[in-house]
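Participant: One structure coming up, written as structure tokens, with questions to follow.
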Amino acid sequence: MSDRTGRPQPVRAGCRRPFAPDPVRPARAVGLTADLLEAAARALLQAEDRLGVLDTAIGDGDHGRNMARGARAVAGIARDVVERPLPEALHRLGMTVVNSVGGAAGPLYGSCLLAMAQAAETEAPGRPIDPPMLARLWAAGVEAVKRRGRSDVGAKTMLDVLVPALAALSASPRLTAEAVRAAAEAGLAGTGPMRATKGRAAYLGDRSVGHLDPGAASAALIIERVIDAVEAGR
Ligand code: ADP
Ligand code: MG
């Protein structure tokens, strides 16, 4: 410990907060690994064409390209960002997504990560991300997407995957990875028969029926990688 002059100060007994981060070496974002970020980025890059095709059917065709741009930007900072404390790491990821993805999805996924960063401030620094903590952060992210998009489930958007997958995660204190994956997959499939009421697809009205929502497809991909990582980290 040191004062502004850099002189070391004595540490008084009982004055240290139990979870005070080390000022020199901040607590790492335990559980948020470069492997996870790179795996999510790879999955989005591999799915670029498929997401583009989905968005061509009911939007303007750019969702694959938008997410691929974000994936490259996130992969580029992955090694660095996971060395930072979790709130800072999530904040940097959010800003990177906002600045790289564009379209409607950029501000929505970006707001999600920025709200998760804010929620992470209330967690003990350096605490590993276990399923209940993931559920708390995710809930804050989902609320931010709803606010930003003035939207909710049933509008044929990414929320139709994010919300049921969160519900599956929150339903049990133990991670039921299969249940979360199944909820995400069912949520994505459920966007097929929906009529879009938000986003570009809403302009199509009834003609949006019969197509999967591209943002729901990218959300399912990301969730798949996040759940893989939490499962592997247990
Ligand atoms: P754009 O629609 O500007 O071309 P993208 O193609 O990158 O942006 O993203 C489209 C996706 O964003 C949609 O498939 C949908 O999941 C999501 N989206 C659009 N508007 C909203 C909204 N108001 N609320 C939630 N999600 C939305
Ligand atoms: Mg688009």
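Labeling convention for the structure tokens: chains A, B, ... as they appear, residues from 1 per chain, ligands from 1 in order of appearance.
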Neighbouring residues of Ala40 in chain A were defined as those with any atom within 7 Å, considering only C-alpha atoms; residues of the same chain fewer than 3 positions away were excluded. Please report them as a PDB file with C-alpha atoms, in the first residue's frame.
Facilitator:
ATOM      1  CA  LEU A  36     -14.203 -18.869 -24.620  1.00  0.00           C
ATOM      2  CA  LEU A  37     -13.971 -15.550 -26.472  1.00  0.00           C
ATOM      3  CA  ALA A  43     -18.312 -19.994 -34.255  1.00  0.00           C
ATOM      4  CA  LEU A  44     -19.604 -16.628 -35.498  1.00  0.00           C
ATOM      5  CA  ILE A 222     -22.952 -17.490 -28.508  1.00  0.00           C
ATOM      6  CA  ARG A 225     -20.063 -21.445 -26.471  1.00  0.00           C
TER       7      ARG A 225
END
Participant: As a VMD selection string, please: every protein or nucleic acid residue near ligand 1 (cut-off 9 Å, counting only C-alpha atoms and all ligand atoms).
Facilitator: chain A and resid 51 to 52 54 to 56 58 to 67 101 to 106 108 to 109 145 to 153 155 to 160 197 to 202 212 to 219
Participant: Could you write out that same residue set with N, CA and C atoms as a compact mmCIF listing (two decimals), in the first residue's frame?
Facilitator:
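selection_21.txt written:
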# COMPACT_ATOMS: atom_id res chain seq x y z
N LEU A 51 -25.76 -16.86 -41.25
CA LEU A 51 -26.44 -15.71 -40.65
C LEU A 51 -26.81 -14.69 -41.73
N GLY A 52 -25.94 -14.59 -42.73
CA GLY A 52 -26.22 -13.68 -43.85
C GLY A 52 -27.44 -14.13 -44.64
N LEU A 54 -29.92 -15.99 -43.53
CA LEU A 54 -31.13 -15.76 -42.70
C LEU A 54 -31.55 -14.29 -42.76
N ASP A 55 -30.57 -13.39 -42.71
CA ASP A 55 -30.90 -11.96 -42.71
C ASP A 55 -31.30 -11.48 -44.10
N THR A 56 -30.85 -12.18 -45.14
CA THR A 56 -31.28 -11.81 -46.50
C THR A 56 -32.77 -12.09 -46.68
N ILE A 58 -35.23 -12.01 -44.36
CA ILE A 58 -36.20 -11.13 -43.67
C ILE A 58 -35.58 -9.79 -43.25
N GLY A 59 -34.38 -9.50 -43.74
CA GLY A 59 -33.73 -8.23 -43.38
C GLY A 59 -32.93 -7.70 -44.55
N ASP A 60 -31.73 -7.21 -44.26
CA ASP A 60 -30.91 -6.63 -45.33
C ASP A 60 -29.64 -7.42 -45.62
N GLY A 61 -29.54 -8.61 -45.00
CA GLY A 61 -28.45 -9.51 -45.37
C GLY A 61 -27.11 -9.27 -44.70
N ASP A 62 -27.06 -8.30 -43.76
CA ASP A 62 -25.73 -7.95 -43.23
C ASP A 62 -25.40 -8.58 -41.87
N HIS A 63 -26.31 -9.37 -41.30
CA HIS A 63 -26.07 -9.82 -39.92
C HIS A 63 -24.81 -10.69 -39.79
N GLY A 64 -24.56 -11.57 -40.76
CA GLY A 64 -23.35 -12.40 -40.73
C GLY A 64 -22.11 -11.54 -40.77
N ARG A 65 -22.11 -10.58 -41.69
CA ARG A 65 -20.96 -9.67 -41.83
C ARG A 65 -20.77 -8.84 -40.56
N ASN A 66 -21.86 -8.32 -40.02
CA ASN A 66 -21.79 -7.50 -38.79
C ASN A 66 -21.17 -8.30 -37.65
N MET A 67 -21.68 -9.52 -37.45
CA MET A 67 -21.20 -10.33 -36.33
C MET A 67 -19.76 -10.79 -36.57
N VAL A 101 -19.66 -3.93 -34.46
CA VAL A 101 -20.72 -4.74 -35.09
C VAL A 101 -21.65 -3.90 -35.97
N GLY A 102 -22.13 -2.80 -35.44
CA GLY A 102 -23.03 -1.96 -36.24
C GLY A 102 -24.42 -2.55 -36.35
N GLY A 103 -25.23 -2.02 -37.23
CA GLY A 103 -26.61 -2.49 -37.41
C GLY A 103 -27.41 -2.34 -36.13
N ALA A 104 -28.49 -3.12 -36.02
CA ALA A 104 -29.28 -3.12 -34.79
C ALA A 104 -28.60 -4.00 -33.75
N ALA A 105 -27.96 -5.07 -34.22
CA ALA A 105 -27.39 -6.05 -33.29
C ALA A 105 -26.23 -5.48 -32.47
N GLY A 106 -25.45 -4.57 -33.05
CA GLY A 106 -24.29 -4.03 -32.34
C GLY A 106 -24.69 -3.33 -31.05
N LEU A 108 -27.42 -3.59 -29.45
CA LEU A 108 -28.17 -4.51 -28.57
C LEU A 108 -27.22 -5.45 -27.83
N TYR A 109 -26.34 -6.14 -28.55
CA TYR A 109 -25.36 -7.00 -27.88
C TYR A 109 -24.41 -6.15 -27.02
N VAL A 145 -31.19 -5.36 -23.10
CA VAL A 145 -31.61 -5.59 -24.50
C VAL A 145 -33.08 -5.21 -24.66
N LYS A 146 -33.90 -5.60 -23.67
CA LYS A 146 -35.34 -5.27 -23.73
C LYS A 146 -35.53 -3.75 -23.74
N ARG A 147 -34.78 -3.06 -22.87
CA ARG A 147 -34.92 -1.59 -22.77
C ARG A 147 -34.47 -0.94 -24.06
N ARG A 148 -33.28 -1.33 -24.50
CA ARG A 148 -32.69 -0.70 -25.69
C ARG A 148 -33.54 -0.96 -26.94
N GLY A 149 -34.05 -2.20 -27.04
CA GLY A 149 -34.82 -2.57 -28.22
C GLY A 149 -36.31 -2.27 -28.08
N ARG A 150 -36.71 -1.75 -26.90
CA ARG A 150 -38.14 -1.57 -26.58
C ARG A 150 -38.90 -2.81 -27.04
N SER A 151 -38.42 -3.94 -26.56
CA SER A 151 -38.88 -5.21 -27.09
C SER A 151 -38.99 -6.25 -25.98
N ASP A 152 -39.55 -7.38 -26.32
CA ASP A 152 -39.65 -8.50 -25.37
C ASP A 152 -39.80 -9.78 -26.17
N VAL A 153 -39.99 -10.90 -25.48
CA VAL A 153 -40.16 -12.16 -26.20
C VAL A 153 -41.41 -12.09 -27.08
N ALA A 155 -41.44 -11.11 -30.29
CA ALA A 155 -41.33 -10.15 -31.39
C ALA A 155 -40.43 -10.68 -32.51
N LYS A 156 -39.97 -11.93 -32.36
CA LYS A 156 -39.09 -12.58 -33.35
C LYS A 156 -37.72 -11.89 -33.39
N THR A 157 -37.05 -11.92 -32.24
CA THR A 157 -35.72 -11.32 -32.15
C THR A 157 -34.81 -12.21 -31.31
N MET A 158 -33.59 -11.73 -31.08
CA MET A 158 -32.62 -12.43 -30.22
C MET A 158 -33.19 -12.70 -28.84
N LEU A 159 -34.15 -11.87 -28.40
CA LEU A 159 -34.75 -12.08 -27.07
C LEU A 159 -35.48 -13.42 -26.97
N ASP A 160 -35.94 -13.94 -28.10
CA ASP A 160 -36.65 -15.23 -28.08
C ASP A 160 -35.70 -16.40 -27.81
N THR A 197 -42.40 -8.25 -35.08
CA THR A 197 -42.99 -6.94 -34.76
C THR A 197 -41.92 -5.92 -34.39
N LYS A 198 -40.64 -6.34 -34.37
CA LYS A 198 -39.52 -5.43 -34.07
C LYS A 198 -38.43 -5.62 -35.12
N GLY A 199 -37.62 -4.60 -35.28
CA GLY A 199 -36.49 -4.70 -36.22
C GLY A 199 -36.96 -4.63 -37.66
N ARG A 200 -35.98 -4.77 -38.55
CA ARG A 200 -36.24 -4.68 -39.99
C ARG A 200 -37.30 -5.67 -40.48
N ALA A 201 -37.28 -6.89 -39.90
CA ALA A 201 -38.20 -7.94 -40.34
C ALA A 201 -39.66 -7.53 -40.14
N ALA A 202 -39.90 -6.60 -39.20
CA ALA A 202 -41.28 -6.16 -38.94
C ALA A 202 -41.89 -5.49 -40.17
N LEU A 212 -36.35 -18.26 -39.78
CA LEU A 212 -35.72 -18.09 -38.47
C LEU A 212 -35.15 -16.68 -38.37
N ASP A 213 -35.15 -16.13 -37.16
CA ASP A 213 -34.59 -14.79 -36.97
C ASP A 213 -33.06 -14.86 -36.90
N PRO A 214 -32.36 -14.04 -37.68
CA PRO A 214 -30.88 -14.11 -37.68
C PRO A 214 -30.27 -13.78 -36.32
N GLY A 215 -30.80 -12.79 -35.63
CA GLY A 215 -30.26 -12.42 -34.30
C GLY A 215 -30.49 -13.53 -33.28
N ALA A 216 -31.61 -14.23 -33.41
CA ALA A 216 -31.85 -15.37 -32.52
C ALA A 216 -30.84 -16.48 -32.82
N ALA A 217 -30.47 -16.62 -34.10
CA ALA A 217 -29.49 -17.65 -34.49
C ALA A 217 -28.10 -17.30 -33.94
N SER A 218 -27.70 -16.03 -34.01
CA SER A 218 -26.38 -15.67 -33.47
C SER A 218 -26.39 -15.80 -31.95
N ALA A 219 -27.50 -15.44 -31.31
CA ALA A 219 -27.58 -15.57 -29.84
C ALA A 219 -27.44 -17.03 -29.42
Participant: Could you tell me how far CA of Gly210 in chain A lies from CA of Ala177 in chain A, in Å and to one decimal?
Facilitator: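 Computing it gives 28.3 Å between the two atoms.
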Participant: For ligand 2, which residue among A:Val53, A:Ala184, A:Ala117, A:Pro131 is the nearest when counting only C-alpha atoms and all ligand atoms?
Facilitator: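 Of all the options, A:Val53 lies closest to ligand 2.
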Participant: Quick check, in Å to one decimal: how far apart do CA of Asp130 in chain A and CA of Ala229 in chain A lie?
Facilitator: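 Interatomic distance here is 10.7 Å.
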Participant: Mind pulling up the distance from CA of Gln46 in chain A to CA of Leu221 in chain A?
Facilitator: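 It comes out at 10.5 Å.
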